[in-house]
Amino acid sequence: MNDVLRITPRDVVAAEESDRFDRFKLIGWWDQARLSRARVLVVGAGALGNEIIKNLALLGIGQLFIADMDRVENSNLSRSVLFRESDNGAFKATAAARGAKAIYPDIKVQHFNGNVVHDLGLGVFRWADVVIGGLDNREARLSINRSCWKVNRPWIDGAIESIDGSARVFVPDGPCYECTMSQQDWKLLQMRRSCNLLSRPEMETGGKTPTTPTVSSIIAGVQCQEAVKLLHGMPTLAGGAFVFNGVTADSYVSKFQRKDDCYSHDILEEIVTLDEGVDTITPRELLSRAQAMLGATAELELARDVLEKLICPACRGEERIFASLGKVSGDKVWCPRCDKVRREVVTFHKIRGAEDFLDRPLAEIGVPAFDVVIARSAAGEHAGRSIGFELAGDAANVLGELLSSDEALELV
Ligand SMILES: [Zn+2]
Ligand SMILES: [Zn+2]
């Protein structure tokens, strides 16, 4: 048999792959196989997110998870390379996933059309080697930061405004996003929260920020370049920022200070992977596993405050909600039976064993699919220990074609 006849379809694919990424291989340290194994979570598929996803697809990143709750509007089309007019009304994450596949057909991609703060399980953060943010508000950044720290994952934040921008790299256990927050940042965050406890979703969509496709491509370019270096185990901006002034075309790099009393520095010591998902396990079952490992004082801790119920002080009427507090609309606070009476808001984020909802599946008390529920022990020989229980029974559903048995790249 001559050599030509021995070429299999797999060889042809391999040849095409090598052609596609030929120029990268001229860079001495470049490892295309590493990028093709890499798992990246992109939160936000707006102006920055589009540029980030475009770059990752061009670079040959193998596995991509895209999360965004919004839909494409006409005003997005001037800043979003992956969207077309025909995408108007479609979910941004869906349209961006389609765009990524069009650029690099071999990319495995999953999209999540939901709220990254309230609906995205911590298991997705743990799945990722690196998280890249295309976000536009403090609350989402703080939530992503805390999620990344819990499961020990680096994240790369980007921020743009008019023609200026910055890219920041946060790697556990160095300085994090929360360490960089000023008094003023906290004030703005708290002010919005206390104004109306139930209106946080409005804050997430926030005001409209002026941006351009030119600055989003500059900042997303730096974010993705840092991601490539991180994935190769090279030194990065970790604990620092690249700051770009579009007016003067000046840029500089700054370093952050780590704050020892920062609440985000909470890396879970151990994560146990469970076969169950949010529909198939109850708080009672989970609590008993936690107590078997951490002793009788173990309690469960959810990542978000859950709105348990609303009670009317006038008619004593009670309504059970069980949804992440920030997701519930502000109108809900008014009693539907009484005239202009605000109802009392009852929330929880810990489960100690005396609650009357212990036998409901976790999904019914507001825990998102593929989440990691934390167990902590307050006293006894395990005092201060924390264990995460990953609800991996949901992984196939949430990860779709990204589900695989490959080991994560070890970066941190
Ligand atoms: Zn910190
Ligand atoms: Zn009432």
# chains A, B, ... in the order shown; residues from 1 in each chain; ligands from 1
$ residues_around --residues "Lys309 (chain A)" --least-positions-apart "6" --cutoff "10 Å" --atoms "only C-alpha atoms" --output "PDB file with all heavy atoms, in the first residue's frame"
ATOM      1  N   GLU A 318     -48.744  35.227  54.975  1.00  0.00           N
ATOM      2  CA  GLU A 318     -47.369  34.811  54.747  1.00  0.00           C
ATOM      3  C   GLU A 318     -47.232  34.269  53.333  1.00  0.00           C
ATOM      4  O   GLU A 318     -48.063  33.484  52.895  1.00  0.00           O
ATOM      5  CB  GLU A 318     -47.057  33.681  55.744  1.00  0.00           C
ATOM      6  CG  GLU A 318     -45.685  33.762  56.337  1.00  0.00           C
ATOM      7  CD  GLU A 318     -45.408  32.593  57.273  1.00  0.00           C
ATOM      8  OE1 GLU A 318     -44.913  31.555  56.791  1.00  0.00           O
ATOM      9  OE2 GLU A 318     -45.695  32.726  58.481  1.00  0.00           O
ATOM     10  N   GLU A 319     -46.164  34.686  52.638  1.00  0.00           N
ATOM     11  CA  GLU A 319     -45.938  34.107  51.305  1.00  0.00           C
ATOM     12  C   GLU A 319     -44.535  33.522  51.267  1.00  0.00           C
ATOM     13  O   GLU A 319     -43.563  34.199  51.556  1.00  0.00           O
ATOM     14  CB  GLU A 319     -46.092  35.178  50.209  1.00  0.00           C
ATOM     15  CG  GLU A 319     -46.016  34.592  48.820  1.00  0.00           C
ATOM     16  CD  GLU A 319     -46.029  35.658  47.703  1.00  0.00           C
ATOM     17  OE1 GLU A 319     -46.193  36.866  48.009  1.00  0.00           O
ATOM     18  OE2 GLU A 319     -45.832  35.267  46.537  1.00  0.00           O
ATOM     19  N   ARG A 320     -44.430  32.244  50.913  1.00  0.00           N
ATOM     20  CA  ARG A 320     -43.126  31.592  50.815  1.00  0.00           C
ATOM     21  C   ARG A 320     -42.548  31.838  49.425  1.00  0.00           C
ATOM     22  O   ARG A 320     -43.253  31.710  48.427  1.00  0.00           O
ATOM     23  CB  ARG A 320     -43.294  30.097  51.039  1.00  0.00           C
ATOM     24  CG  ARG A 320     -43.641  29.780  52.472  1.00  0.00           C
ATOM     25  CD  ARG A 320     -42.740  28.699  52.956  1.00  0.00           C
ATOM     26  NE  ARG A 320     -42.608  28.767  54.401  1.00  0.00           N
ATOM     27  CZ  ARG A 320     -41.851  27.910  55.093  1.00  0.00           C
ATOM     28  NH1 ARG A 320     -41.165  26.974  54.453  1.00  0.00           N
ATOM     29  NH2 ARG A 320     -41.757  28.018  56.388  1.00  0.00           N
ATOM     30  N   ILE A 321     -41.259  32.198  49.360  1.00  0.00           N
ATOM     31  CA  ILE A 321     -40.664  32.550  48.072  1.00  0.00           C
ATOM     32  C   ILE A 321     -39.544  31.581  47.679  1.00  0.00           C
ATOM     33  O   ILE A 321     -39.549  31.005  46.610  1.00  0.00           O
ATOM     34  CB  ILE A 321     -40.097  33.997  48.092  1.00  0.00           C
ATOM     35  CG1 ILE A 321     -41.147  35.003  48.581  1.00  0.00           C
ATOM     36  CG2 ILE A 321     -39.542  34.362  46.731  1.00  0.00           C
ATOM     37  CD1 ILE A 321     -42.159  35.448  47.568  1.00  0.00           C
ATOM     38  N   PHE A 322     -38.543  31.422  48.528  1.00  0.00           N
ATOM     39  CA  PHE A 322     -37.363  30.596  48.254  1.00  0.00           C
ATOM     40  C   PHE A 322     -36.698  30.936  46.920  1.00  0.00           C
ATOM     41  O   PHE A 322     -36.666  30.118  46.005  1.00  0.00           O
ATOM     42  CB  PHE A 322     -37.701  29.096  48.321  1.00  0.00           C
ATOM     43  CG  PHE A 322     -37.973  28.621  49.705  1.00  0.00           C
ATOM     44  CD1 PHE A 322     -39.261  28.241  50.083  1.00  0.00           C
ATOM     45  CD2 PHE A 322     -36.961  28.561  50.639  1.00  0.00           C
ATOM     46  CE1 PHE A 322     -39.526  27.814  51.376  1.00  0.00           C
ATOM     47  CE2 PHE A 322     -37.203  28.125  51.938  1.00  0.00           C
ATOM     48  CZ  PHE A 322     -38.492  27.751  52.298  1.00  0.00           C
ATOM     49  N   ALA A 323     -36.201  32.153  46.824  1.00  0.00           N
ATOM     50  CA  ALA A 323     -35.440  32.555  45.647  1.00  0.00           C
ATOM     51  C   ALA A 323     -34.306  33.441  46.139  1.00  0.00           C
ATOM     52  O   ALA A 323     -34.417  34.080  47.190  1.00  0.00           O
ATOM     53  CB  ALA A 323     -36.314  33.331  44.678  1.00  0.00           C
ATOM     54  N   ARG A 343     -44.350  44.353  53.479  1.00  0.00           N
ATOM     55  CA  ARG A 343     -44.230  43.096  54.224  1.00  0.00           C
ATOM     56  C   ARG A 343     -42.818  42.930  54.778  1.00  0.00           C
ATOM     57  O   ARG A 343     -41.845  43.469  54.247  1.00  0.00           O
ATOM     58  CB  ARG A 343     -44.580  41.922  53.307  1.00  0.00           C
ATOM     59  CG  ARG A 343     -46.050  41.950  52.921  1.00  0.00           C
ATOM     60  CD  ARG A 343     -46.450  40.706  52.182  1.00  0.00           C
ATOM     61  NE  ARG A 343     -45.977  40.695  50.800  1.00  0.00           N
ATOM     62  CZ  ARG A 343     -46.209  39.683  49.961  1.00  0.00           C
ATOM     63  NH1 ARG A 343     -46.870  38.610  50.369  1.00  0.00           N
ATOM     64  NH2 ARG A 343     -45.765  39.751  48.714  1.00  0.00           N
ATOM     65  N   GLU A 344     -42.729  42.177  55.864  1.00  0.00           N
ATOM     66  CA  GLU A 344     -41.448  41.883  56.505  1.00  0.00           C
ATOM     67  C   GLU A 344     -40.717  40.841  55.662  1.00  0.00           C
ATOM     68  O   GLU A 344     -41.314  39.872  55.199  1.00  0.00           O
ATOM     69  CB  GLU A 344     -41.745  41.345  57.907  1.00  0.00           C
ATOM     70  CG  GLU A 344     -40.547  41.109  58.766  1.00  0.00           C
ATOM     71  CD  GLU A 344     -40.932  40.290  60.011  1.00  0.00           C
ATOM     72  OE1 GLU A 344     -42.067  40.487  60.513  1.00  0.00           O
ATOM     73  OE2 GLU A 344     -40.102  39.469  60.425  1.00  0.00           O
ATOM     74  N   VAL A 345     -39.411  41.062  55.458  1.00  0.00           N
ATOM     75  CA  VAL A 345     -38.625  40.194  54.582  1.00  0.00           C
ATOM     76  C   VAL A 345     -37.819  39.216  55.435  1.00  0.00           C
ATOM     77  O   VAL A 345     -37.019  39.631  56.268  1.00  0.00           O
ATOM     78  CB  VAL A 345     -37.662  41.053  53.731  1.00  0.00           C
ATOM     79  CG1 VAL A 345     -36.781  40.189  52.838  1.00  0.00           C
ATOM     80  CG2 VAL A 345     -38.452  42.068  52.901  1.00  0.00           C
ATOM     81  N   VAL A 346     -38.030  37.914  55.278  1.00  0.00           N
ATOM     82  CA  VAL A 346     -37.283  36.916  56.044  1.00  0.00           C
ATOM     83  C   VAL A 346     -36.303  36.195  55.124  1.00  0.00           C
ATOM     84  O   VAL A 346     -36.698  35.580  54.137  1.00  0.00           O
ATOM     85  CB  VAL A 346     -38.234  35.888  56.704  1.00  0.00           C
ATOM     86  CG1 VAL A 346     -37.438  34.869  57.520  1.00  0.00           C
ATOM     87  CG2 VAL A 346     -39.257  36.605  57.569  1.00  0.00           C
ATOM     88  N   THR A 347     -35.002  36.332  55.452  1.00  0.00           N
ATOM     89  CA  THR A 347     -33.991  35.704  54.600  1.00  0.00           C
ATOM     90  C   THR A 347     -33.135  34.740  55.421  1.00  0.00           C
ATOM     91  O   THR A 347     -33.147  34.786  56.646  1.00  0.00           O
ATOM     92  CB  THR A 347     -33.039  36.758  53.987  1.00  0.00           C
ATOM     93  OG1 THR A 347     -32.291  37.353  55.056  1.00  0.00           O
ATOM     94  CG2 THR A 347     -33.784  37.825  53.223  1.00  0.00           C
ATOM     95  N   PHE A 348     -32.394  33.886  54.714  1.00  0.00           N
ATOM     96  CA  PHE A 348     -31.409  33.039  55.402  1.00  0.00           C
ATOM     97  C   PHE A 348     -30.267  32.722  54.444  1.00  0.00           C
ATOM     98  O   PHE A 348     -30.435  32.819  53.228  1.00  0.00           O
ATOM     99  CB  PHE A 348     -32.059  31.730  55.887  1.00  0.00           C
ATOM    100  CG  PHE A 348     -32.411  30.770  54.790  1.00  0.00           C
ATOM    101  CD1 PHE A 348     -31.535  29.757  54.422  1.00  0.00           C
ATOM    102  CD2 PHE A 348     -33.619  30.885  54.102  1.00  0.00           C
ATOM    103  CE1 PHE A 348     -31.851  28.869  53.399  1.00  0.00           C
ATOM    104  CE2 PHE A 348     -33.941  29.999  53.078  1.00  0.00           C
ATOM    105  CZ  PHE A 348     -33.048  28.985  52.733  1.00  0.00           C
TER     106      PHE A 348
END
$ residues_near_ligand --ligand "ligand 1" --cutoff "12 Å" --atoms "only C-alpha atoms and all ligand atoms" --output "number ranges by chain"
A: 142, 145-146, 148-150, 170-182, 239, 256-267
$ write_last_selection --atoms "N, CA, C and O atoms" --output "CSV table (one decimal), in the first residue's frame"
chain,number,residue,atom,x,y,z
A,142,LEU,N,-17.7,41.5,42.6
A,142,LEU,CA,-17.5,41.0,44.0
A,142,LEU,C,-18.0,39.5,44.1
A,142,LEU,O,-17.3,38.7,44.7
A,145,ASN,N,-15.5,37.3,42.2
A,145,ASN,CA,-14.3,37.2,43.0
A,145,ASN,C,-14.4,36.2,44.1
A,145,ASN,O,-13.6,35.3,44.3
A,146,ARG,N,-15.5,36.3,44.9
A,146,ARG,CA,-15.7,35.4,46.0
A,146,ARG,C,-15.9,33.9,45.5
A,146,ARG,O,-15.4,33.0,46.1
A,148,CYS,N,-14.6,32.6,42.7
A,148,CYS,CA,-13.3,32.1,42.3
A,148,CYS,C,-12.4,31.8,43.5
A,148,CYS,O,-11.7,30.7,43.4
A,149,TRP,N,-12.5,32.6,44.5
A,149,TRP,CA,-11.6,32.3,45.7
A,149,TRP,C,-12.0,31.0,46.3
A,149,TRP,O,-11.2,30.2,46.7
A,150,LYS,N,-13.3,30.8,46.5
A,150,LYS,CA,-13.8,29.6,47.2
A,150,LYS,C,-13.2,28.3,46.5
A,150,LYS,O,-12.9,27.4,47.2
A,170,PHE,N,-6.4,38.5,39.1
A,170,PHE,CA,-6.5,38.1,40.5
A,170,PHE,C,-6.2,36.6,40.6
A,170,PHE,O,-6.9,35.8,40.0
A,171,VAL,N,-5.2,36.3,41.4
A,171,VAL,CA,-4.9,34.9,41.6
A,171,VAL,C,-4.9,34.5,43.1
A,171,VAL,O,-4.2,35.2,43.8
A,172,PRO,N,-5.7,33.5,43.5
A,172,PRO,CA,-5.6,33.2,44.9
A,172,PRO,C,-4.2,32.8,45.3
A,172,PRO,O,-3.6,32.1,44.4
A,173,ASP,N,-3.6,33.1,46.3
A,173,ASP,CA,-4.2,33.8,47.5
A,173,ASP,C,-3.5,35.2,47.6
A,173,ASP,O,-3.2,35.7,48.7
A,174,GLY,N,-3.4,35.9,46.4
A,174,GLY,CA,-2.8,37.2,46.4
A,174,GLY,C,-3.9,38.3,46.6
A,174,GLY,O,-4.9,38.0,47.1
A,175,PRO,N,-3.6,39.5,46.3
A,175,PRO,CA,-4.6,40.6,46.4
A,175,PRO,C,-5.7,40.3,45.5
A,175,PRO,O,-5.5,39.8,44.4
A,176,CYS,N,-7.0,40.5,45.9
A,176,CYS,CA,-8.1,40.2,45.1
A,176,CYS,C,-8.9,41.4,44.8
A,176,CYS,O,-8.6,42.5,45.2
A,177,TYR,N,-10.0,41.2,44.0
A,177,TYR,CA,-10.8,42.4,43.7
A,177,TYR,C,-11.4,43.1,44.9
A,177,TYR,O,-11.3,44.3,45.0
A,178,GLU,N,-11.8,42.3,45.9
A,178,GLU,CA,-12.3,43.0,47.1
A,178,GLU,C,-11.2,43.8,47.8
A,178,GLU,O,-11.5,44.8,48.4
A,179,CYS,N,-10.0,43.3,47.8
A,179,CYS,CA,-8.9,44.1,48.4
A,179,CYS,C,-8.8,45.5,47.8
A,179,CYS,O,-8.3,46.4,48.4
A,180,THR,N,-9.1,45.5,46.5
A,180,THR,CA,-9.0,46.8,45.7
A,180,THR,C,-10.1,47.8,46.0
A,180,THR,O,-10.1,48.9,45.6
A,181,MET,N,-11.2,47.3,46.6
A,181,MET,CA,-12.4,48.1,46.7
A,181,MET,C,-12.1,49.3,47.7
A,181,MET,O,-11.7,49.0,48.9
A,182,SER,N,-12.5,50.5,47.3
A,182,SER,CA,-12.3,51.6,48.2
A,182,SER,C,-13.5,51.9,49.0
A,182,SER,O,-14.6,51.3,48.8
A,239,GLY,N,-2.3,40.2,40.7
A,239,GLY,CA,-2.3,41.1,41.8
A,239,GLY,C,-2.1,42.5,41.3
A,239,GLY,O,-1.7,43.4,42.1
A,256,PHE,N,-1.5,45.9,43.4
A,256,PHE,CA,-2.4,46.0,44.5
A,256,PHE,C,-1.8,45.5,45.8
A,256,PHE,O,-1.0,44.7,45.8
A,257,GLN,N,-2.4,46.0,46.9
A,257,GLN,CA,-2.0,45.5,48.3
A,257,GLN,C,-3.0,44.5,48.7
A,257,GLN,O,-4.2,44.6,48.6
A,258,ARG,N,-2.5,43.4,49.3
A,258,ARG,CA,-3.4,42.4,49.8
A,258,ARG,C,-3.8,42.8,51.2
A,258,ARG,O,-3.0,43.2,52.0
A,259,LYS,N,-5.2,42.7,51.4
A,259,LYS,CA,-5.7,43.1,52.8
A,259,LYS,C,-5.9,41.8,53.6
A,259,LYS,O,-6.6,40.9,53.1
A,260,ASP,N,-5.3,41.7,54.7
A,260,ASP,CA,-5.4,40.4,55.5
A,260,ASP,C,-6.8,40.1,56.0
A,260,ASP,O,-7.2,39.0,56.2
A,261,ASP,N,-7.6,41.2,56.2
A,261,ASP,CA,-8.9,41.0,56.8
A,261,ASP,C,-10.0,41.0,55.7
A,261,ASP,O,-11.2,41.1,56.0
A,262,CYS,N,-9.6,40.7,54.5
A,262,CYS,CA,-10.6,40.7,53.3
A,262,CYS,C,-11.5,39.5,53.4
A,262,CYS,O,-11.0,38.3,53.6
A,263,TYR,N,-12.8,39.7,53.3
A,263,TYR,CA,-13.8,38.6,53.4
A,263,TYR,C,-13.7,37.6,52.2
A,263,TYR,O,-14.1,36.4,52.3
A,264,SER,N,-13.1,38.0,51.1
A,264,SER,CA,-13.1,37.1,49.9
A,264,SER,C,-12.1,36.0,50.1
A,264,SER,O,-12.2,34.9,49.4
A,265,HIS,N,-11.1,36.1,51.0
A,265,HIS,CA,-10.0,35.1,51.1
A,265,HIS,C,-10.5,33.9,51.9
A,265,HIS,O,-10.1,33.7,53.0
A,266,ASP,N,-11.3,33.1,51.2
A,266,ASP,CA,-12.0,32.0,51.8
A,266,ASP,C,-11.9,30.8,50.9
A,266,ASP,O,-12.9,30.5,50.3
A,267,ILE,N,-10.7,30.2,50.8
A,267,ILE,CA,-10.5,29.1,49.9
A,267,ILE,C,-11.0,27.8,50.6
A,267,ILE,O,-10.6,27.5,51.7
$ residues_near_ligand --ligand "ligand 2" --cutoff "7 Å" --atoms "only C-alpha atoms and all ligand atoms" --output "list of chain:residue names"
A:Cys312, A:Pro313, A:Ala314, A:Cys315, A:Arg316, A:Gly317, A:Cys335, A:Pro336, A:Arg337, A:Cys338, A:Val341
$ write_last_selection --atoms "N, CA, C and O atoms" --output "PDB file, in the first residue's frame"
ATOM      1  N   CYS A 312     -46.871  39.843  56.168  1.00  0.00           N
ATOM      2  CA  CYS A 312     -47.550  41.135  56.291  1.00  0.00           C
ATOM      3  C   CYS A 312     -47.833  41.447  57.756  1.00  0.00           C
ATOM      4  O   CYS A 312     -48.462  40.651  58.457  1.00  0.00           O
ATOM      5  N   PRO A 313     -47.364  42.597  58.250  1.00  0.00           N
ATOM      6  CA  PRO A 313     -47.585  42.945  59.653  1.00  0.00           C
ATOM      7  C   PRO A 313     -49.057  43.255  59.937  1.00  0.00           C
ATOM      8  O   PRO A 313     -49.504  43.157  61.084  1.00  0.00           O
ATOM      9  N   ALA A 314     -49.826  43.614  58.920  1.00  0.00           N
ATOM     10  CA  ALA A 314     -51.233  43.974  59.126  1.00  0.00           C
ATOM     11  C   ALA A 314     -52.136  42.744  59.151  1.00  0.00           C
ATOM     12  O   ALA A 314     -52.796  42.465  60.152  1.00  0.00           O
ATOM     13  N   CYS A 315     -52.133  41.967  58.058  1.00  0.00           N
ATOM     14  CA  CYS A 315     -53.060  40.820  57.992  1.00  0.00           C
ATOM     15  C   CYS A 315     -52.403  39.502  58.408  1.00  0.00           C
ATOM     16  O   CYS A 315     -53.061  38.476  58.466  1.00  0.00           O
ATOM     17  N   ARG A 316     -51.109  39.529  58.726  1.00  0.00           N
ATOM     18  CA  ARG A 316     -50.306  38.353  59.103  1.00  0.00           C
ATOM     19  C   ARG A 316     -50.215  37.314  57.988  1.00  0.00           C
ATOM     20  O   ARG A 316     -49.786  36.179  58.214  1.00  0.00           O
ATOM     21  N   GLY A 317     -50.639  37.680  56.785  1.00  0.00           N
ATOM     22  CA  GLY A 317     -50.520  36.769  55.633  1.00  0.00           C
ATOM     23  C   GLY A 317     -49.054  36.495  55.339  1.00  0.00           C
ATOM     24  O   GLY A 317     -48.204  37.379  55.474  1.00  0.00           O
ATOM     25  N   CYS A 335     -47.938  44.069  50.370  1.00  0.00           N
ATOM     26  CA  CYS A 335     -48.939  43.022  50.608  1.00  0.00           C
ATOM     27  C   CYS A 335     -50.038  43.115  49.544  1.00  0.00           C
ATOM     28  O   CYS A 335     -50.598  44.192  49.330  1.00  0.00           O
ATOM     29  N   PRO A 336     -50.336  41.983  48.872  1.00  0.00           N
ATOM     30  CA  PRO A 336     -51.360  42.050  47.820  1.00  0.00           C
ATOM     31  C   PRO A 336     -52.774  42.243  48.377  1.00  0.00           C
ATOM     32  O   PRO A 336     -53.678  42.631  47.657  1.00  0.00           O
ATOM     33  N   ARG A 337     -52.953  41.982  49.702  1.00  0.00           N
ATOM     34  CA  ARG A 337     -54.298  42.074  50.280  1.00  0.00           C
ATOM     35  C   ARG A 337     -54.558  43.388  51.000  1.00  0.00           C
ATOM     36  O   ARG A 337     -55.687  43.821  51.129  1.00  0.00           O
ATOM     37  N   CYS A 338     -53.462  44.006  51.520  1.00  0.00           N
ATOM     38  CA  CYS A 338     -53.655  45.249  52.278  1.00  0.00           C
ATOM     39  C   CYS A 338     -53.209  46.433  51.422  1.00  0.00           C
ATOM     40  O   CYS A 338     -52.412  46.285  50.511  1.00  0.00           O
ATOM     41  N   VAL A 341     -49.129  48.315  52.432  1.00  0.00           N
ATOM     42  CA  VAL A 341     -48.429  47.797  53.610  1.00  0.00           C
ATOM     43  C   VAL A 341     -47.204  47.002  53.147  1.00  0.00           C
ATOM     44  O   VAL A 341     -47.335  46.071  52.356  1.00  0.00           O
TER      45      VAL A 341
END
$ residues_around --residues "Gly277 (chain A)" --least-positions-apart "3" --cutoff "6 Å" --atoms "only C-alpha atoms" --output "list of chain:residue names"
A:Thr280, A:Leu391, A:Gly393, A:Asp394
$ closest_residue --among "A:Val215, A:Val373, A:Ala96, A:Val328" --to "Phe65 (chain A)" --atoms "only C-alpha atoms"
A:Ala96
$ residues_around --residues "Leu56 (chain A)" --least-positions-apart "5" --cutoff "9 Å" --atoms "only C-alpha atoms" --output "number ranges by chain"
A: 40, 51, 61-62, 64, 100, 224
$ closest_atom_pairs --of "region 267-293 of chain A" --to "region 151-166 of chain A" --cutoff "12 Å" --atoms "only C-alpha atoms" --output "tab-separated table"
residue	atom	partner	partner_atom	distance
A:Ile267	CA	A:Asn152	CA	6.0
A:Leu268	CA	A:Val151	CA	6.3
A:Glu269	CA	A:Val151	CA	9.1
A:Glu270	CA	A:Val151	CA	9.2
A:Ile271	CA	A:Val151	CA	8.3
A:Val272	CA	A:Val151	CA	11.7
$ write_last_selection --atoms "all heavy atoms" --output "PDB file, in the first residue's frame"
ATOM      1  N   ILE A 267     -10.711  30.208  50.790  1.00  0.00           N
ATOM      2  CA  ILE A 267     -10.549  29.055  49.888  1.00  0.00           C
ATOM      3  C   ILE A 267     -11.013  27.792  50.623  1.00  0.00           C
ATOM      4  O   ILE A 267     -10.570  27.522  51.738  1.00  0.00           O
ATOM      5  CB  ILE A 267      -9.067  28.912  49.459  1.00  0.00           C
ATOM      6  CG1 ILE A 267      -8.601  30.183  48.728  1.00  0.00           C
ATOM      7  CG2 ILE A 267      -8.882  27.686  48.559  1.00  0.00           C
ATOM      8  CD1 ILE A 267      -7.109  30.212  48.410  1.00  0.00           C
ATOM      9  N   LEU A 268     -11.924  27.044  50.004  1.00  0.00           N
ATOM     10  CA  LEU A 268     -12.406  25.811  50.643  1.00  0.00           C
ATOM     11  C   LEU A 268     -11.266  24.808  50.765  1.00  0.00           C
ATOM     12  O   LEU A 268     -10.539  24.564  49.810  1.00  0.00           O
ATOM     13  CB  LEU A 268     -13.549  25.207  49.832  1.00  0.00           C
ATOM     14  CG  LEU A 268     -14.842  26.018  49.840  1.00  0.00           C
ATOM     15  CD1 LEU A 268     -15.821  25.483  48.814  1.00  0.00           C
ATOM     16  CD2 LEU A 268     -15.459  25.995  51.229  1.00  0.00           C
ATOM     17  N   GLU A 269     -11.138  24.225  51.982  1.00  0.00           N
ATOM     18  CA  GLU A 269     -10.020  23.304  52.212  1.00  0.00           C
ATOM     19  C   GLU A 269     -10.205  22.015  51.435  1.00  0.00           C
ATOM     20  O   GLU A 269      -9.246  21.374  51.020  1.00  0.00           O
ATOM     21  CB  GLU A 269      -9.948  22.952  53.707  1.00  0.00           C
ATOM     22  CG  GLU A 269      -9.577  24.123  54.580  1.00  0.00           C
ATOM     23  CD  GLU A 269     -10.011  23.885  56.016  1.00  0.00           C
ATOM     24  OE1 GLU A 269     -10.030  22.725  56.456  1.00  0.00           O
ATOM     25  OE2 GLU A 269     -10.324  24.882  56.691  1.00  0.00           O
ATOM     26  N   GLU A 270     -11.465  21.623  51.279  1.00  0.00           N
ATOM     27  CA  GLU A 270     -11.735  20.339  50.651  1.00  0.00           C
ATOM     28  C   GLU A 270     -13.064  20.440  49.918  1.00  0.00           C
ATOM     29  O   GLU A 270     -13.988  21.083  50.415  1.00  0.00           O
ATOM     30  CB  GLU A 270     -11.830  19.282  51.768  1.00  0.00           C
ATOM     31  CG  GLU A 270     -12.019  17.870  51.273  1.00  0.00           C
ATOM     32  CD  GLU A 270     -12.206  16.875  52.423  1.00  0.00           C
ATOM     33  OE1 GLU A 270     -11.978  17.250  53.604  1.00  0.00           O
ATOM     34  OE2 GLU A 270     -12.604  15.737  52.139  1.00  0.00           O
ATOM     35  N   ILE A 271     -13.148  19.839  48.723  1.00  0.00           N
ATOM     36  CA  ILE A 271     -14.429  19.813  48.019  1.00  0.00           C
ATOM     37  C   ILE A 271     -14.768  18.354  47.720  1.00  0.00           C
ATOM     38  O   ILE A 271     -13.972  17.626  47.135  1.00  0.00           O
ATOM     39  CB  ILE A 271     -14.402  20.662  46.729  1.00  0.00           C
ATOM     40  CG1 ILE A 271     -14.155  22.132  47.100  1.00  0.00           C
ATOM     41  CG2 ILE A 271     -15.715  20.505  45.956  1.00  0.00           C
ATOM     42  CD1 ILE A 271     -14.140  23.107  45.939  1.00  0.00           C
ATOM     43  N   VAL A 272     -15.950  17.941  48.191  1.00  0.00           N
ATOM     44  CA  VAL A 272     -16.398  16.567  47.978  1.00  0.00           C
ATOM     45  C   VAL A 272     -17.371  16.573  46.806  1.00  0.00           C
ATOM     46  O   VAL A 272     -18.301  17.376  46.769  1.00  0.00           O
ATOM     47  CB  VAL A 272     -17.111  16.044  49.249  1.00  0.00           C
ATOM     48  CG1 VAL A 272     -17.649  14.642  49.031  1.00  0.00           C
ATOM     49  CG2 VAL A 272     -16.163  16.088  50.445  1.00  0.00           C
TER      50      VAL A 272
END
$ select_by_dssp --residues "region 153-282 of chain A" --states "strand (DSSP E)" --output "PyMOL selection string"
chain A and resi 155-161+164-170+240-245+250-255+270-274
$ residues_around --residues "Ala93 (chain A)" --least-positions-apart "3" --cutoff "7 Å" --atoms "only C-alpha atoms" --output "PyMOL selection string"
chain A and resi 45+66-68+96-97+111-113
$ residues_around --residues "Glu401 (chain A)" --least-positions-apart "2" --cutoff "9 Å" --atoms "only C-alpha atoms" --output "list in words"
Lys108, Val109, Gln110, Ala396, Leu399, Leu403 and Ser404 of chain A
$ write_last_selection --atoms "N, CA and C atoms" --output "short mmCIF file (atom, residue, chain, number, x, y, z; two decimals), in the first residue's frame"
data_model
loop_
_atom_site.label_atom_id
_atom_site.label_comp_id
_atom_site.auth_asym_id
_atom_site.auth_seq_id
_atom_site.Cartn_x
_atom_site.Cartn_y
_atom_site.Cartn_z
N LYS A 108 -15.40 23.55 21.80
CA LYS A 108 -16.57 23.05 22.51
C LYS A 108 -17.08 24.22 23.33
N VAL A 109 -18.38 24.50 23.19
CA VAL A 109 -18.89 25.69 23.86
C VAL A 109 -20.27 25.43 24.45
N GLN A 110 -20.49 25.96 25.63
CA GLN A 110 -21.79 25.87 26.29
C GLN A 110 -22.20 27.28 26.67
N ALA A 396 -23.79 17.22 33.94
CA ALA A 396 -24.08 16.91 32.53
C ALA A 396 -25.04 17.94 31.96
N LEU A 399 -23.13 21.56 31.95
CA LEU A 399 -21.94 21.69 31.10
C LEU A 399 -22.18 21.25 29.65
N LEU A 403 -18.81 18.52 29.23
CA LEU A 403 -18.60 17.48 30.25
C LEU A 403 -17.57 16.49 29.74
N SER A 404 -16.50 16.32 30.50
CA SER A 404 -15.52 15.32 30.10
C SER A 404 -14.77 14.87 31.34
#
$ select_by_dssp --residues "region 187-268 of chain A" --states "helix (DSSP H, G or I)" --output "number ranges by chain"
A: 187-195, 200-205, 213-231
$ residues_around --residues "Gln223 (chain A)" --least-positions-apart "3" --cutoff "9 Å" --atoms "only C-alpha atoms" --output "PyMOL selection string"
chain A and resi 52+132-133+156-158+167-169+218-220+226-228
$ closest_residue --among "A:Leu82, A:Ile53, A:Ala298, A:Leu59" --to "Arg20 (chain A)" --atoms "only C-alpha atoms"
A:Leu59
